[in-house]
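Here is the structure we will look at, set down as structure tokens.
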2 protein chains.
Amino acid sequence: MEHNKTQQYEDLLVKNGLKRTGARLQVLDILSHRDSATSQPYLENVVGKEIDRVTLYRILKTFEEKGIIHRVLDNHGTANYAICSNSCTEHNHHDEHVHFNCNNCLRVYCLDEVKIPALKIEKGFKIDDMNLVVSGICKECNNAN
Amino acid sequence: MEHNKTQQYEDLLVKNGLKRTGARLQVLDILSHRDSATSQPYLENVVGKEIDRVTLYRILKTFEEKGIIHRVLDNHGTANYAICSNSCTEHNHHDEHVHFNCNNCLRVYCLDEVKIPALKIEKGFKIDDMNLVVSGICKECNNAN
DNA sequence: CATGTTAATGCATCATTATTGCATCAATAA
DNA sequence: TTATTGATGCAATAATGATGCATTAACATG
């Protein structure tokens, strides 16, 4: 990875009070070069020989807590991770955009431009977070036919 | 369970080409008497001594495929099940209502009256299903304070 | 630049959930 | 009443989430 990118990732880690380790930089590099959210099994396949399963698990958990990445559950309940597009913080996630889960290639897209519409919920229910996953066939899979 | 209810469940099974076994009737009875979606672990606790874990798993899977129940994943990726309110069929689920996952009591409510608003998704993406889970604090937990 | 402190990692281990194969049993049709 | 087919229970395995602990690496401090 080129130097400025590395610098960028290192800044991100330091900003969140995390040590800039090889494993964390590698995970950041992979996530930032993917065009869709990345599943835990995929990451494990890619870095499994270099990073321990538990370490990867903990890195993802830490990143999520710090607001560096956000987690989306796909239709199978599998965790998928993507770098937060805008500046999320530890106590204020802004990932309330729609996700698209392709039933064919299983990819999870972050549709950053599609926001979840406001809802009229019965009084008494206090909303903290919303998670909208749309499933179907994605653009690429449609074009491939 | 009273006789007419049992008759109703049996009809539901037969209508879907399923044999009316004790285990299936029991699952239907439990699900229909709950005011919120029921998690797999909860079901296992209740019927674990009478129904094998694998059998329960297969019953839920079969029911979901036939459109008898629908499945909602809560914030932890745990499967929750509820009887479909309107007439779903094997190839046409109509469970596109909003679900509310309480972060306190962990219950999953089916907000049948709250429909998911239409979305403007990029052309090329074909939508099959939508799953909106809102999380926060539910009415009962708010009142309990 | 050497070193002490603390965070991060790797390994072992365990719990839970999802899944399959197969033998047995029960429900329904004949 | 019995044959057939579906449903169940048991054994076993895989994937994932999680914890404890010893070791290692990062980085602040002198």
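Residues in the structure tokens are numbered from 1 in each chain, the chains being A, B, ... in the order shown, and ligands are numbered from 1 in the order shown.
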
Counting only C-alpha atoms (C1' of nucleotides), which residues from chain C have an atom at most 10 Å from any atom of chain B, and could you show them as a ChimeraX atom specification? /C:16-19,26-28

Just fit chain B onto chain A on all the Cα atoms, in order, by least squares, and give it as a tab-separated table (two decimals) with C-alpha atoms, in the first residue's frame.
chain	number	residue	atom	x	y	z
B	1	MET	CA	-0.09	0.07	0.17
B	2	GLU	CA	1.19	3.50	-0.67
B	3	HIS	CA	2.61	5.69	2.02
B	4	ASN	CA	-0.05	8.40	2.31
B	5	LYS	CA	-2.78	5.81	2.74
B	6	THR	CA	-0.81	4.14	5.49
B	7	GLN	CA	-0.34	7.51	7.15
B	8	GLN	CA	-4.07	8.09	6.94
B	9	TYR	CA	-4.87	4.76	8.62
B	10	GLU	CA	-2.31	5.37	11.31
B	11	ASP	CA	-3.82	8.75	12.08
B	12	LEU	CA	-7.22	7.11	12.34
B	13	LEU	CA	-5.91	4.63	14.88
B	14	VAL	CA	-4.07	7.20	16.95
B	15	LYS	CA	-7.09	9.49	16.91
B	16	ASN	CA	-9.05	6.70	18.56
B	17	GLY	CA	-6.41	5.87	21.10
B	18	LEU	CA	-5.41	2.63	19.42
B	19	LYS	CA	-1.91	1.43	18.75
B	20	ARG	CA	-0.98	1.21	15.08
B	21	THR	CA	-0.23	-2.45	14.69
B	22	GLY	CA	0.35	-4.37	11.50
B	23	ALA	CA	-2.81	-6.39	11.89
B	24	ARG	CA	-5.00	-3.30	12.30
B	25	LEU	CA	-3.44	-1.52	9.37
B	26	GLN	CA	-3.94	-4.58	7.22
B	27	VAL	CA	-7.63	-4.82	8.12
B	28	LEU	CA	-8.13	-1.12	7.41
B	29	ASP	CA	-6.39	-1.48	4.08
B	30	ILE	CA	-8.55	-4.38	2.98
B	31	LEU	CA	-11.82	-2.80	4.07
B	32	SER	CA	-11.07	0.50	2.35
B	33	HIS	CA	-10.30	-1.14	-0.96
B	34	ARG	CA	-13.55	-3.11	-1.18
B	35	ASP	CA	-16.61	-1.77	-2.96
B	36	SER	CA	-18.99	-3.55	-0.61
B	37	ALA	CA	-19.18	-4.52	3.02
B	38	THR	CA	-16.83	-7.36	3.89
B	39	SER	CA	-17.87	-10.45	5.76
B	40	GLN	CA	-15.93	-11.87	8.64
B	41	PRO	CA	-15.38	-15.19	6.79
B	42	TYR	CA	-14.00	-13.33	3.77
B	43	LEU	CA	-11.56	-11.41	5.93
B	44	GLU	CA	-10.54	-14.61	7.62
B	45	ASN	CA	-9.74	-16.20	4.28
B	46	VAL	CA	-7.59	-13.29	3.24
B	47	VAL	CA	-5.60	-12.67	6.40
B	48	GLY	CA	-6.10	-15.99	8.17
B	49	LYS	CA	-2.49	-17.03	7.83
B	50	GLU	CA	-1.11	-13.81	9.21
B	51	ILE	CA	-3.68	-12.76	11.77
B	52	ASP	CA	-5.18	-15.04	14.38
B	53	ARG	CA	-8.92	-15.55	14.16
B	54	VAL	CA	-9.47	-14.22	17.65
B	55	THR	CA	-7.33	-11.19	17.02
B	56	LEU	CA	-9.31	-10.41	13.87
B	57	TYR	CA	-12.51	-10.77	15.82
B	58	ARG	CA	-11.25	-8.38	18.48
B	59	ILE	CA	-9.97	-5.86	15.95
B	60	LEU	CA	-13.36	-5.72	14.27
B	61	LYS	CA	-15.11	-5.36	17.61
B	62	THR	CA	-12.79	-2.58	18.68
B	63	PHE	CA	-13.13	-0.75	15.37
B	64	GLU	CA	-16.90	-0.96	15.61
B	65	GLU	CA	-16.93	0.40	19.16
B	66	LYS	CA	-14.70	3.30	18.15
B	67	GLY	CA	-16.88	4.16	15.18
B	68	ILE	CA	-14.19	3.36	12.61
B	69	ILE	CA	-16.28	0.71	10.90
B	70	HIS	CA	-19.92	-0.26	11.03
B	71	ARG	CA	-21.42	-3.71	11.12
B	72	VAL	CA	-24.29	-4.99	9.01
B	73	LEU	CA	-25.96	-8.34	9.47
B	74	ASP	CA	-26.95	-9.93	6.20
B	75	ASN	CA	-29.91	-12.24	5.65
B	76	HIS	CA	-28.01	-15.16	7.09
B	77	GLY	CA	-27.01	-13.35	10.27
B	78	THR	CA	-23.42	-13.10	9.11
B	79	ALA	CA	-21.57	-9.97	10.20
B	80	ASN	CA	-20.31	-7.71	7.42
B	81	TYR	CA	-18.09	-4.70	7.96
B	82	ALA	CA	-17.50	-1.47	6.12
B	83	ILE	CA	-15.55	1.66	6.89
B	84	CYS	CA	-17.84	4.42	8.08
B	85	SER	CA	-18.14	6.96	5.32
B	86	ASN	CA	-18.54	10.05	7.47
B	87	SER	CA	-17.02	10.85	10.80
B	88	CYS	CA	-18.56	8.52	13.30
B	89	THR	CA	-17.44	8.64	16.91
B	90	GLU	CA	-17.51	6.16	19.72
B	91	HIS	CA	-20.83	7.43	20.99
B	92	ASN	CA	-22.44	8.58	17.80
B	93	HIS	CA	-22.74	6.32	14.83
B	94	HIS	CA	-24.12	7.77	11.62
B	95	ASP	CA	-24.56	4.67	9.55
B	96	GLU	CA	-28.28	4.92	9.08
B	97	HIS	CA	-28.19	4.28	5.39
B	98	VAL	CA	-29.74	1.34	3.59
B	99	HIS	CA	-27.82	-1.86	2.87
B	100	PHE	CA	-28.45	-4.16	-0.05
B	101	ASN	CA	-27.78	-7.87	0.32
B	102	CYS	CA	-27.57	-9.73	-2.98
B	103	ASN	CA	-29.11	-13.19	-2.80
B	104	ASN	CA	-26.92	-14.34	-5.67
B	105	CYS	CA	-23.37	-13.13	-5.02
B	106	LEU	CA	-24.10	-12.53	-1.31
B	107	ARG	CA	-22.42	-9.13	-1.43
B	108	VAL	CA	-23.57	-6.42	0.96
B	109	TYR	CA	-23.66	-2.95	-0.57
B	110	CYS	CA	-23.71	0.25	1.44
B	111	LEU	CA	-26.22	2.48	-0.31
B	112	ASP	CA	-24.87	5.63	1.28
B	113	GLU	CA	-27.15	7.89	-0.68
B	114	VAL	CA	-30.33	6.09	0.39
B	115	LYS	CA	-31.35	7.18	3.86
B	116	ILE	CA	-33.91	5.39	6.01
B	117	PRO	CA	-37.14	7.41	5.97
B	118	ALA	CA	-38.51	8.71	9.24
B	119	LEU	CA	-40.92	6.38	10.95
B	120	LYS	CA	-43.95	6.95	13.10
B	121	ILE	CA	-43.44	4.65	16.03
B	122	GLU	CA	-45.73	4.32	18.99
B	123	LYS	CA	-44.95	6.71	21.81
B	124	GLY	CA	-42.91	5.19	24.58
B	125	PHE	CA	-40.48	3.51	22.24
B	126	LYS	CA	-37.15	5.34	22.14
B	127	ILE	CA	-35.21	4.80	18.94
B	128	ASP	CA	-31.43	4.53	19.14
B	129	ASP	CA	-30.58	2.92	15.85
B	130	MET	CA	-32.15	1.69	12.63
B	131	ASN	CA	-30.97	-1.11	10.40
B	132	LEU	CA	-32.59	-1.62	7.01
B	133	VAL	CA	-31.35	-4.47	4.86
B	134	VAL	CA	-32.89	-4.85	1.44
B	135	SER	CA	-32.30	-8.15	-0.29
B	136	GLY	CA	-32.66	-9.16	-3.91
B	137	ILE	CA	-30.44	-9.27	-6.97
B	138	CYS	CA	-27.74	-6.65	-7.38
B	139	LYS	CA	-26.86	-4.65	-10.46
B	140	GLU	CA	-23.87	-6.74	-11.43
B	141	CYS	CA	-25.67	-10.05	-11.11
B	142	ASN	CA	-28.58	-8.71	-13.16
B	143	ASN	CA	-26.22	-7.53	-15.90
B	144	ALA	CA	-24.37	-10.84	-15.90
B	145	ASN	CA	-27.45	-12.67	-17.18

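Within the 12 Å cut-off around C:DA23, using only C-alpha atoms (C1' of nucleotides) and omitting residues fewer than 4 positions from it on the same chain, the listed residues are D:DT8, D:DG9, D:DC10, D:DA11.
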
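If we count only C-alpha atoms (C1' of nucleotides), these residues of chain D sit within 12 Å of chain A: DA15, DT16, DG17, DA18, DT19, DA25, DA26 and DC27 of chain D.
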
Dump of C-alpha atoms (C1' of nucleotides) for the selected residues, as a CSV table (one decimal), in the first residue's frame:
chain,number,residue,atom,x,y,z
D,15,DA,C1',-18.7,-22.2,12.1
D,16,DT,C1',-18.9,-18.4,15.1
D,17,DG,C1',-18.5,-15.9,19.5
D,18,DA,C1',-16.2,-15.4,23.6
D,19,DT,C1',-12.7,-15.7,27.8
D,25,DA,C1',5.2,-5.5,20.4
D,26,DA,C1',4.3,-0.5,20.6
D,27,DC,C1',5.5,3.7,22.4

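DSSP secondary structure from the backbone places Thr38, Ser39, Ile69, His70, Arg71, Val72, Leu73, Ala79, Asn80, Tyr81, Ala82, Ile83, His97, Val98, His99, Phe100, Asn101, Cys102, Val108, Tyr109, Cys110, Leu111, Asp112, Glu113, Val114 and Lys115 of chain A of stretch 8-117 of chain A in strand (DSSP E).
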
Selection near C:DA2, 12 Å with only C-alpha atoms (C1' of nucleotides), sequence-local residues under 2 positions removed, as a ChimeraX atom specification: /C:4 /D:29-30

Serialized selection, C-alpha atoms (C1' of nucleotides), as a compact mmCIF listing (two decimals), in the first residue's frame:
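Done, and the output landed in again-v5.txt:
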# COMPACT_ATOMS: atom_id res chain seq x y z
C1' DG C 4 9.78 -0.08 31.49
C1' DT D 29 9.81 8.23 29.28
C1' DG D 30 14.03 9.11 30.81

Sel. of helix (DSSP H, G or I) residues, stretch 1-144 of chain A, as a ChimeraX atom specification: /A:3-15,22-32,40-47,53-66,139-144
